[in-house]
Structure formats: structure tokens, C-alpha cells
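Here is the file final30.pdb (PDB, C-alpha atoms and all ligand atoms).
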ATOM      1  CA  MET A   6       8.964   8.021 -12.093  1.00  0.00           C
ATOM      2  CA  ILE A   7      12.240   7.258 -10.377  1.00  0.00           C
ATOM      3  CA  GLU A   8      13.992   9.906 -12.506  1.00  0.00           C
ATOM      4  CA  ASP A   9      11.929  12.526 -10.650  1.00  0.00           C
ATOM      5  CA  PHE A  10      13.553  11.561  -7.342  1.00  0.00           C
ATOM      6  CA  ASP A  11      16.701  12.943  -5.695  1.00  0.00           C
ATOM      7  CA  GLU A  12      19.918  10.953  -6.031  1.00  0.00           C
ATOM      8  CA  VAL A  13      19.797   9.434  -2.513  1.00  0.00           C
ATOM      9  CA  THR A  14      16.270   8.125  -3.091  1.00  0.00           C
ATOM     10  CA  GLN A  15      17.153   6.687  -6.500  1.00  0.00           C
ATOM     11  CA  LYS A  16      20.180   4.940  -5.009  1.00  0.00           C
ATOM     12  CA  THR A  17      18.208   3.644  -2.003  1.00  0.00           C
ATOM     13  CA  LEU A  18      15.461   2.206  -4.210  1.00  0.00           C
ATOM     14  CA  CYS A  19      18.043   0.469  -6.428  1.00  0.00           C
ATOM     15  CA  GLU A  20      19.752  -0.956  -3.313  1.00  0.00           C
ATOM     16  CA  LEU A  21      16.428  -2.196  -1.902  1.00  0.00           C
ATOM     17  CA  GLU A  22      15.620  -3.898  -5.197  1.00  0.00           C
ATOM     18  CA  LYS A  23      18.630  -6.163  -4.635  1.00  0.00           C
ATOM     19  CA  THR A  24      16.956  -7.653  -1.509  1.00  0.00           C
ATOM     20  CA  GLN A  25      13.425  -7.592  -2.927  1.00  0.00           C
ATOM     21  CA  ARG A  26      12.889 -11.318  -2.357  1.00  0.00           C
ATOM     22  CA  ASP A  27      13.980 -11.197   1.300  1.00  0.00           C
ATOM     23  CA  PHE A  28      11.505  -8.428   2.102  1.00  0.00           C
ATOM     24  CA  TRP A  29       8.712  -9.462  -0.324  1.00  0.00           C
ATOM     25  CA  ASN A  30       8.650  -6.047  -1.947  1.00  0.00           C
ATOM     26  CA  ILE A  31       6.418  -5.191  -4.870  1.00  0.00           C
ATOM     27  CA  SER A  32       7.961  -4.973  -8.331  1.00  0.00           C
ATOM     28  CA  ARG A  33       9.357  -1.702  -9.712  1.00  0.00           C
ATOM     29  CA  GLN A  34       6.611  -1.848 -12.359  1.00  0.00           C
ATOM     30  CA  THR A  35       3.846  -2.038  -9.744  1.00  0.00           C
ATOM     31  CA  ALA A  36       5.527   0.682  -7.673  1.00  0.00           C
ATOM     32  CA  GLU A  37       5.644   3.034 -10.673  1.00  0.00           C
ATOM     33  CA  PHE A  38       2.005   2.310 -11.452  1.00  0.00           C
ATOM     34  CA  LEU A  39       0.885   3.101  -7.883  1.00  0.00           C
ATOM     35  CA  TYR A  40       3.067   6.229  -7.821  1.00  0.00           C
ATOM     36  CA  ASN A  41       1.577   7.525 -11.082  1.00  0.00           C
ATOM     37  CA  THR A  42      -1.976   6.715  -9.979  1.00  0.00           C
ATOM     38  CA  ILE A  43      -1.645   8.733  -6.763  1.00  0.00           C
ATOM     39  CA  VAL A  44       0.067  11.682  -8.457  1.00  0.00           C
ATOM     40  CA  ASN A  45      -2.300  11.791 -11.449  1.00  0.00           C
ATOM     41  CA  GLU A  46      -5.437  11.458  -9.318  1.00  0.00           C
ATOM     42  CA  GLY A  47      -4.236  14.168  -6.945  1.00  0.00           C
ATOM     43  CA  PHE A  48      -4.796  11.899  -3.931  1.00  0.00           C
ATOM     44  CA  VAL A  49      -3.804  13.297  -0.536  1.00  0.00           C
ATOM     45  CA  SER A  50      -4.485  10.575   2.011  1.00  0.00           C
ATOM     46  CA  GLY A  51      -3.475   6.917   1.875  1.00  0.00           C
ATOM     47  CA  ILE A  52      -3.345   3.717   3.852  1.00  0.00           C
ATOM     48  CA  GLU A  53      -0.928   0.858   3.223  1.00  0.00           C
ATOM     49  CA  VAL A  54      -1.221  -2.554   4.892  1.00  0.00           C
ATOM     50  CA  GLY A  55       2.178  -4.310   4.917  1.00  0.00           C
ATOM     51  CA  THR A  56       5.126  -1.918   5.221  1.00  0.00           C
ATOM     52  CA  SER A  57       8.019  -4.404   5.293  1.00  0.00           C
ATOM     53  CA  ASN A  58      11.285  -2.445   4.895  1.00  0.00           C
ATOM     54  CA  GLY A  59       9.490   0.505   3.298  1.00  0.00           C
ATOM     55  CA  TYR A  60      10.223  -0.069  -0.399  1.00  0.00           C
ATOM     56  CA  SER A  61       6.634   0.505  -1.546  1.00  0.00           C
ATOM     57  CA  GLY A  62       6.182   3.127   1.188  1.00  0.00           C
ATOM     58  CA  ILE A  63       8.957   5.262  -0.293  1.00  0.00           C
ATOM     59  CA  TRP A  64       7.154   5.316  -3.657  1.00  0.00           C
ATOM     60  CA  LEU A  65       3.760   5.986  -2.094  1.00  0.00           C
ATOM     61  CA  GLY A  66       5.242   8.587   0.265  1.00  0.00           C
ATOM     62  CA  LYS A  67       6.904  10.435  -2.632  1.00  0.00           C
ATOM     63  CA  ALA A  68       3.607  10.491  -4.536  1.00  0.00           C
ATOM     64  CA  PHE A  69       1.582  11.774  -1.577  1.00  0.00           C
ATOM     65  CA  LYS A  70       4.260  14.302  -0.708  1.00  0.00           C
ATOM     66  CA  SER A  71       4.180  15.741  -4.225  1.00  0.00           C
ATOM     67  CA  ASN A  72       0.411  16.267  -3.750  1.00  0.00           C
ATOM     68  CA  GLY A  73       0.801  17.719  -0.254  1.00  0.00           C
ATOM     69  CA  GLY A  74      -0.664  14.533   1.242  1.00  0.00           C
ATOM     70  CA  VAL A  75       0.128  11.863   3.836  1.00  0.00           C
ATOM     71  CA  LEU A  76       0.403   8.078   4.142  1.00  0.00           C
ATOM     72  CA  ASN A  77      -0.381   5.695   7.010  1.00  0.00           C
ATOM     73  CA  THR A  78       1.305   2.291   6.862  1.00  0.00           C
ATOM     74  CA  ILE A  79       0.781  -0.814   9.009  1.00  0.00           C
ATOM     75  CA  GLU A  80       3.343  -3.471   9.976  1.00  0.00           C
ATOM     76  CA  PHE A  81       3.544  -5.873  12.912  1.00  0.00           C
ATOM     77  CA  TYR A  82       7.161  -6.936  12.622  1.00  0.00           C
ATOM     78  CA  GLU A  83       9.305  -4.504  14.640  1.00  0.00           C
ATOM     79  CA  LYS A  84      12.542  -5.378  12.822  1.00  0.00           C
ATOM     80  CA  ARG A  85      10.956  -4.488   9.481  1.00  0.00           C
ATOM     81  CA  TYR A  86       9.239  -1.241  10.433  1.00  0.00           C
ATOM     82  CA  SER A  87      12.429   0.019  12.110  1.00  0.00           C
ATOM     83  CA  ILE A  88      14.262  -0.473   8.823  1.00  0.00           C
ATOM     84  CA  ALA A  89      11.342   1.190   7.023  1.00  0.00           C
ATOM     85  CA  GLN A  90      11.508   4.220   9.323  1.00  0.00           C
ATOM     86  CA  ALA A  91      15.237   4.604   8.581  1.00  0.00           C
ATOM     87  CA  ASN A  92      14.556   4.286   4.838  1.00  0.00           C
ATOM     88  CA  PHE A  93      11.772   6.892   5.019  1.00  0.00           C
ATOM     89  CA  GLU A  94      14.137   9.295   6.766  1.00  0.00           C
ATOM     90  CA  LYS A  95      16.901   8.656   4.235  1.00  0.00           C
ATOM     91  CA  CYS A  96      14.514   9.314   1.336  1.00  0.00           C
ATOM     92  CA  ASN A  97      12.972  12.407   2.929  1.00  0.00           C
ATOM     93  CA  VAL A  98       9.434  11.069   3.228  1.00  0.00           C
ATOM     94  CA  ALA A  99       9.343  10.386   6.999  1.00  0.00           C
ATOM     95  CA  ASP A 100       7.521  13.688   7.505  1.00  0.00           C
ATOM     96  CA  VAL A 101       4.507  12.462   5.497  1.00  0.00           C
ATOM     97  CA  ILE A 102       4.426   8.809   6.640  1.00  0.00           C
ATOM     98  CA  THR A 103       2.985   7.493   9.901  1.00  0.00           C
ATOM     99  CA  ILE A 104       3.907   3.913  10.714  1.00  0.00           C
ATOM    100  CA  ARG A 105       1.106   2.288  12.699  1.00  0.00           C
ATOM    101  CA  PRO A 106       2.698  -0.745  14.348  1.00  0.00           C
ATOM    102  CA  GLY A 107       0.674  -3.836  15.157  1.00  0.00           C
ATOM    103  CA  GLU A 108      -1.559  -6.612  13.908  1.00  0.00           C
ATOM    104  CA  ALA A 109      -3.272  -5.152  10.813  1.00  0.00           C
ATOM    105  CA  ILE A 110      -6.826  -6.123  11.736  1.00  0.00           C
ATOM    106  CA  GLU A 111      -6.477  -4.627  15.216  1.00  0.00           C
ATOM    107  CA  VAL A 112      -4.835  -1.437  13.904  1.00  0.00           C
ATOM    108  CA  LEU A 113      -7.564  -0.991  11.283  1.00  0.00           C
ATOM    109  CA  LYS A 114     -10.302  -1.556  13.870  1.00  0.00           C
ATOM    110  CA  ALA A 115      -8.751   1.169  16.030  1.00  0.00           C
ATOM    111  CA  LEU A 116      -8.571   3.847  13.292  1.00  0.00           C
ATOM    112  CA  PRO A 117     -10.515   6.990  14.179  1.00  0.00           C
ATOM    113  CA  GLU A 118     -13.925   6.851  12.500  1.00  0.00           C
ATOM    114  CA  ASP A 119     -13.398  10.228  10.834  1.00  0.00           C
ATOM    115  CA  LEU A 120     -10.039   9.268   9.266  1.00  0.00           C
ATOM    116  CA  LYS A 121     -10.720   9.128   5.518  1.00  0.00           C
ATOM    117  CA  PHE A 122      -8.479   7.914   2.694  1.00  0.00           C
ATOM    118  CA  ASP A 123      -8.622   8.376  -1.039  1.00  0.00           C
ATOM    119  CA  PHE A 124      -6.192   5.536  -1.702  1.00  0.00           C
ATOM    120  CA  ALA A 125      -5.530   2.108  -0.164  1.00  0.00           C
ATOM    121  CA  PHE A 126      -2.773  -0.370  -0.949  1.00  0.00           C
ATOM    122  CA  VAL A 127      -3.012  -3.805   0.671  1.00  0.00           C
ATOM    123  CA  ASP A 128       0.006  -6.125   0.723  1.00  0.00           C
ATOM    124  CA  ALA A 129       0.105  -8.171   3.962  1.00  0.00           C
ATOM    125  CA  ASN A 130      -1.484 -11.486   5.006  1.00  0.00           C
ATOM    126  CA  LYS A 131      -3.210 -12.627   1.813  1.00  0.00           C
ATOM    127  CA  ARG A 132      -5.857 -14.711   3.625  1.00  0.00           C
ATOM    128  CA  GLU A 133      -6.909 -11.622   5.576  1.00  0.00           C
ATOM    129  CA  SER A 134      -7.512  -9.585   2.397  1.00  0.00           C
ATOM    130  CA  ILE A 135     -11.263  -9.780   2.893  1.00  0.00           C
ATOM    131  CA  ASP A 136     -10.959  -8.481   6.487  1.00  0.00           C
ATOM    132  CA  TYR A 137      -8.732  -5.576   5.399  1.00  0.00           C
ATOM    133  CA  PHE A 138     -11.257  -4.655   2.715  1.00  0.00           C
ATOM    134  CA  ASN A 139     -14.216  -4.723   5.114  1.00  0.00           C
ATOM    135  CA  LEU A 140     -12.328  -2.597   7.636  1.00  0.00           C
ATOM    136  CA  ILE A 141     -10.908  -0.052   5.162  1.00  0.00           C
ATOM    137  CA  ASN A 142     -14.109   0.358   3.127  1.00  0.00           C
ATOM    138  CA  PRO A 143     -15.839   2.703   5.638  1.00  0.00           C
ATOM    139  CA  HIS A 144     -12.732   4.940   5.546  1.00  0.00           C
ATOM    140  CA  LEU A 145     -12.430   5.115   1.740  1.00  0.00           C
ATOM    141  CA  LYS A 146     -13.875   8.204   0.085  1.00  0.00           C
ATOM    142  CA  VAL A 147     -16.195   7.907  -2.909  1.00  0.00           C
ATOM    143  CA  GLY A 148     -13.975   8.374  -5.978  1.00  0.00           C
ATOM    144  CA  GLY A 149     -11.048   6.772  -4.173  1.00  0.00           C
ATOM    145  CA  ILE A 150      -9.048   3.766  -5.326  1.00  0.00           C
ATOM    146  CA  TYR A 151      -8.576   0.457  -3.476  1.00  0.00           C
ATOM    147  CA  THR A 152      -5.688  -1.792  -4.536  1.00  0.00           C
ATOM    148  CA  CYS A 153      -4.466  -5.203  -3.372  1.00  0.00           C
ATOM    149  CA  ASP A 154      -1.309  -6.972  -4.594  1.00  0.00           C
ATOM    150  CA  ASN A 155      -0.696 -10.673  -5.376  1.00  0.00           C
ATOM    151  CA  VAL A 156      -4.186 -11.497  -6.589  1.00  0.00           C
ATOM    152  CA  LEU A 157      -2.799 -13.619  -9.446  1.00  0.00           C
ATOM    153  CA  SER A 158       0.212 -15.093  -7.603  1.00  0.00           C
ATOM    154  CA  HIS A 159      -1.924 -15.972  -4.521  1.00  0.00           C
ATOM    155  CA  LYS A 160      -5.231 -16.479  -6.302  1.00  0.00           C
ATOM    156  CA  GLU A 161      -6.690 -19.081  -3.943  1.00  0.00           C
ATOM    157  CA  LYS A 162      -5.833 -17.119  -0.786  1.00  0.00           C
ATOM    158  CA  VAL A 163      -7.530 -13.916  -1.981  1.00  0.00           C
ATOM    159  CA  GLN A 164     -10.565 -15.467  -3.677  1.00  0.00           C
ATOM    160  CA  THR A 165     -13.047 -14.444  -0.958  1.00  0.00           C
ATOM    161  CA  TYR A 166     -11.898 -10.843  -1.292  1.00  0.00           C
ATOM    162  CA  ILE A 167     -12.077 -10.966  -5.100  1.00  0.00           C
ATOM    163  CA  ASP A 168     -15.615 -12.390  -5.023  1.00  0.00           C
ATOM    164  CA  ALA A 169     -16.687  -9.731  -2.525  1.00  0.00           C
ATOM    165  CA  ILE A 170     -15.306  -6.749  -4.424  1.00  0.00           C
ATOM    166  CA  ASN A 171     -16.583  -8.043  -7.777  1.00  0.00           C
ATOM    167  CA  ALA A 172     -20.093  -8.261  -6.333  1.00  0.00           C
ATOM    168  CA  HIS A 173     -19.916  -5.021  -4.347  1.00  0.00           C
ATOM    169  CA  PRO A 174     -22.339  -2.391  -5.723  1.00  0.00           C
ATOM    170  CA  GLU A 175     -20.132   0.489  -4.544  1.00  0.00           C
ATOM    171  CA  TYR A 176     -17.009  -0.656  -6.425  1.00  0.00           C
ATOM    172  CA  ARG A 177     -15.928  -0.985 -10.038  1.00  0.00           C
ATOM    173  CA  HIS A 178     -13.197  -3.615 -10.014  1.00  0.00           C
ATOM    174  CA  THR A 179     -10.596  -5.004 -12.388  1.00  0.00           C
ATOM    175  CA  ILE A 180      -7.428  -7.080 -12.111  1.00  0.00           C
ATOM    176  CA  LEU A 181      -4.375  -5.518 -13.729  1.00  0.00           C
ATOM    177  CA  ASP A 182      -1.786  -7.695 -15.386  1.00  0.00           C
ATOM    178  CA  LEU A 183       1.137  -6.337 -13.389  1.00  0.00           C
ATOM    179  CA  PRO A 184       3.689  -8.759 -11.867  1.00  0.00           C
ATOM    180  CA  ALA A 185       1.831 -10.769  -9.139  1.00  0.00           C
ATOM    181  CA  GLY A 186      -1.503  -9.280 -10.304  1.00  0.00           C
ATOM    182  CA  LEU A 187      -2.952  -6.077  -8.885  1.00  0.00           C
ATOM    183  CA  SER A 188      -6.585  -5.777  -7.847  1.00  0.00           C
ATOM    184  CA  TYR A 189      -7.694  -2.238  -8.692  1.00  0.00           C
ATOM    185  CA  ALA A 190     -11.092  -0.836  -7.762  1.00  0.00           C
ATOM    186  CA  ARG A 191     -12.696   2.586  -7.749  1.00  0.00           C
ATOM    187  CA  LYS A 192     -15.324   3.364  -5.160  1.00  0.00           C
ATOM    188  CA  ILE A 193     -18.126   4.778  -7.284  1.00  0.00           C
ATOM    189  CA  LYS A 194     -20.824   5.434  -4.651  1.00  0.00           C
TER
HETATM  190  C1  LIG B 201       4.623  -8.498   1.082  1.00  0.00           C
HETATM  191  S1  LIG B 201       5.328  -7.718   2.453  1.00  0.00           S
HETATM  192  C2  LIG B 201       5.040  -6.018   2.167  1.00  0.00           C
HETATM  193  C3  LIG B 201       5.982  -5.435   1.148  1.00  0.00           C
HETATM  194  C4  LIG B 201       5.858  -3.943   0.987  1.00  0.00           C
HETATM  195  N1  LIG B 201       4.506  -3.547   0.666  1.00  0.00           N
HETATM  196  C5  LIG B 201       6.767  -3.480  -0.117  1.00  0.00           C
HETATM  197  O1  LIG B 201       6.414  -3.720  -1.291  1.00  0.00           O
HETATM  198  O2  LIG B 201       7.822  -2.924   0.170  1.00  0.00           O
HETATM  199  C6  LIG B 201       4.123  -8.050   3.679  1.00  0.00           C
HETATM  200  C7  LIG B 201       4.411  -7.448   5.029  1.00  0.00           C
HETATM  201  O3  LIG B 201       3.207  -7.513   5.786  1.00  0.00           O
HETATM  202  C8  LIG B 201       3.523  -7.826   7.112  1.00  0.00           C
HETATM  203  N2  LIG B 201       2.349  -8.489   7.685  1.00  0.00           N
HETATM  204  C9  LIG B 201       1.871  -9.723   7.379  1.00  0.00           C
HETATM  205  N3  LIG B 201       0.777  -9.997   8.085  1.00  0.00           N
HETATM  206  C10 LIG B 201       0.549  -8.918   8.866  1.00  0.00           C
HETATM  207  C11 LIG B 201      -0.444  -8.606   9.828  1.00  0.00           C
HETATM  208  N4  LIG B 201      -1.409  -9.466  10.106  1.00  0.00           N
HETATM  209  N5  LIG B 201      -0.381  -7.408  10.446  1.00  0.00           N
HETATM  210  C12 LIG B 201       0.611  -6.518  10.141  1.00  0.00           C
HETATM  211  N6  LIG B 201       1.583  -6.765   9.245  1.00  0.00           N
HETATM  212  C13 LIG B 201       1.548  -7.945   8.612  1.00  0.00           C
HETATM  213  C14 LIG B 201       4.746  -8.745   7.022  1.00  0.00           C
HETATM  214  O4  LIG B 201       5.488  -8.702   8.216  1.00  0.00           O
HETATM  215  C15 LIG B 201       5.479  -8.176   5.826  1.00  0.00           C
HETATM  216  O5  LIG B 201       6.501  -7.284   6.201  1.00  0.00           O
END
As C-alpha cells:
Amino acid sequence: MIEDFDEVTQKTLCELEKTQRDFWNISRQTAEFLYNTIVNEGFVSGIEVGTSNGYSGIWLGKAFKSNGGVLNTIEFYEKRYSIAQANFEKCNVADVITIRPGEAIEVLKALPEDLKFDFAFVDANKRESIDYFNLINPHLKVGGIYTCDNVLSHKEKVQTYIDAINAHPEYRHTILDLPAGLSYARKIK
């Protein structure tokens, strides 16, 4: 919860919420949900696709930091990830967040095979959701959680991904009625 954060972080998050539409940030409600999920599950290693100016990354970074964990986040737009880096420093999470710059599919393909995550949050090119899933899946630990935003607001663009995860024998999937719609799946085997 935001009340758990230091004053600078609380202020920064409130400031960023004023430009939420310009940077396509997730809602506060979704951010709190992801934060609580990571903290409550005790997750220690995460991947985010779509950093933007770092709004969601601050929340995820705070959650991983409280568990002694780390976050990797991918963004191809230099202007945005520079702002994100500055925001991570301001909010004291830069030490647990690695920005991996570049085209998401290429960055995911280049991840070391032995890099494993217990949490994934996808929020970039909606039409590529299926590609992100196929590339992150081998890195997600059994018991981990895979999430993808905008599955209700961009239903048509993510349909291939939704069909794939619904039919996937290794995942138990549901869509949560958070703003924009959050796809939420646990890897069960
Ligand atoms: C919806 S915004 C992310 C918002 C962020 N998760 C937050 O809530 O603060 C999507 C971001 O993904 C980036 N993006 C879109 N397609 C991408 C791609 N193919 N590779 C890397 N980044 C991409 C965009 O530049 C944009 O900043």
C-alpha cells in the first residue's frame, strides 16, 4: 500500500498519476493489486514488459525490494526509460531494478536461459502479447504468476494470447475485473 512508502515515493506516485494518460500507466488499483500479490507471495524475481516512465516499476520495485528481490523491465523508447531511471532513483528502487532497453521480443529472446522469474507483468504492444508469453514461459518458475494488462480494454488485440493461456495445460488462468482488465495466471506445472 502507498501508505507503506516514504514521503518522496508517495509524492512521486501522486505526481505521476497526473500524467497517467500521457504515459499509459496502469491504474492505482491495478498497481496496488500487483504490489500486494508480489509481497504476499514472497516473490523475489520479476520481469516487466513495458516500462514507460516507471510508474508501475516503482510499485513492483518496492514490492520486490521488501522481499529482498529484483525486477527486470523492458522498454524500447529511450526518452521513457531515461525518465523511468530517474524515477527509480528518486524512489530508492534503482538498486533492485534493471532496465533492459530494446525491442521487447529481441530482449526476451536474448535473456540468459538460466534466468528464472516468479512473476511477470506484461504491458507493452498488445498484439505481441502472445509472443511475450511464449518467450517468458520458459523462464517462469512453477508456482509463479503471469499477468498481462488491458485484456478487457484491448480484447481483440490480445485474443490469441487469451486463447493460448486458457488452453495451456501448465496454467490456471482468470481475468480480473480491474480497470482495463488484468489477465492473471498461475503456472501450476
Ligand atoms: C502501456 S505503457 C507501459 C506503462 C507502464 N507499465 C506503467 O504502468 O507505468 C507501454 C510501454 O511499452 C513500450 N513498448 C511498446 N511496444 C514495445 C516493444 N515492442 N518493445 C519495447 N517496449 C515497447 C512503449 O514505449 C510504452 O512505454
The residue from A:Tyr189, A:Tyr176, A:Phe69, A:Tyr60 with the smallest atom-to-atom distance to ligand LIG 201 (chain B), counting all atoms listed in the file, is A:Tyr60
Checklist entry - Care to translate the PyMOL selection byres (((not hetatm)) within 8 of (chain B and resi 201)) into actual residues of this file, as number ranges by chain? => result A: 25, 28-32, 36, 53-62, 79-82, 85-86, 106-110, 127-131, 133
query = Excluding same-chain residues fewer than 2 positions from Asn139 in chain A, what lies within 10 Å of it counting only C-alpha atoms, as a PyMOL selection string?
reply = chain A and resi 113+134-137+141-144+166+169-170
- Query: Between A:Glu20, A:Gln34, A:Gln90, A:Glu83, which is the closest to Gly186 in chain A once you count all atoms listed in the file?
  - Reply: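 Using all atoms listed in the file, Gly186 in chain A sits closest to A:Gln34.
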Using all atoms listed in the file - which residues lie no farther than 6 Å from the point (-0.5, -8.3, -6.0) in the file's frame? Write them as a JSON list (two decimals) with C-alpha atoms, in the coordinates of the input.
[["chain", "number", "residue", "atom", "x", "y", "z"],
["A", 153, "CYS", "CA", -4.47, -5.20, -3.37],
["A", 154, "ASP", "CA", -1.31, -6.97, -4.59],
["A", 155, "ASN", "CA", -0.70, -10.67, -5.38],
["A", 156, "VAL", "CA", -4.19, -11.50, -6.59],
["A", 185, "ALA", "CA", 1.83, -10.77, -9.14],
["A", 186, "GLY", "CA", -1.50, -9.28, -10.30],
["A", 187, "LEU", "CA", -2.95, -6.08, -8.88]]
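For the residues A:Asn92, A:Thr42, A:Thr103, A:Thr78, ranking by smallest atom-to-atom distance to Thr14 in chain A using only C-alpha atoms places A:Asn92 first.
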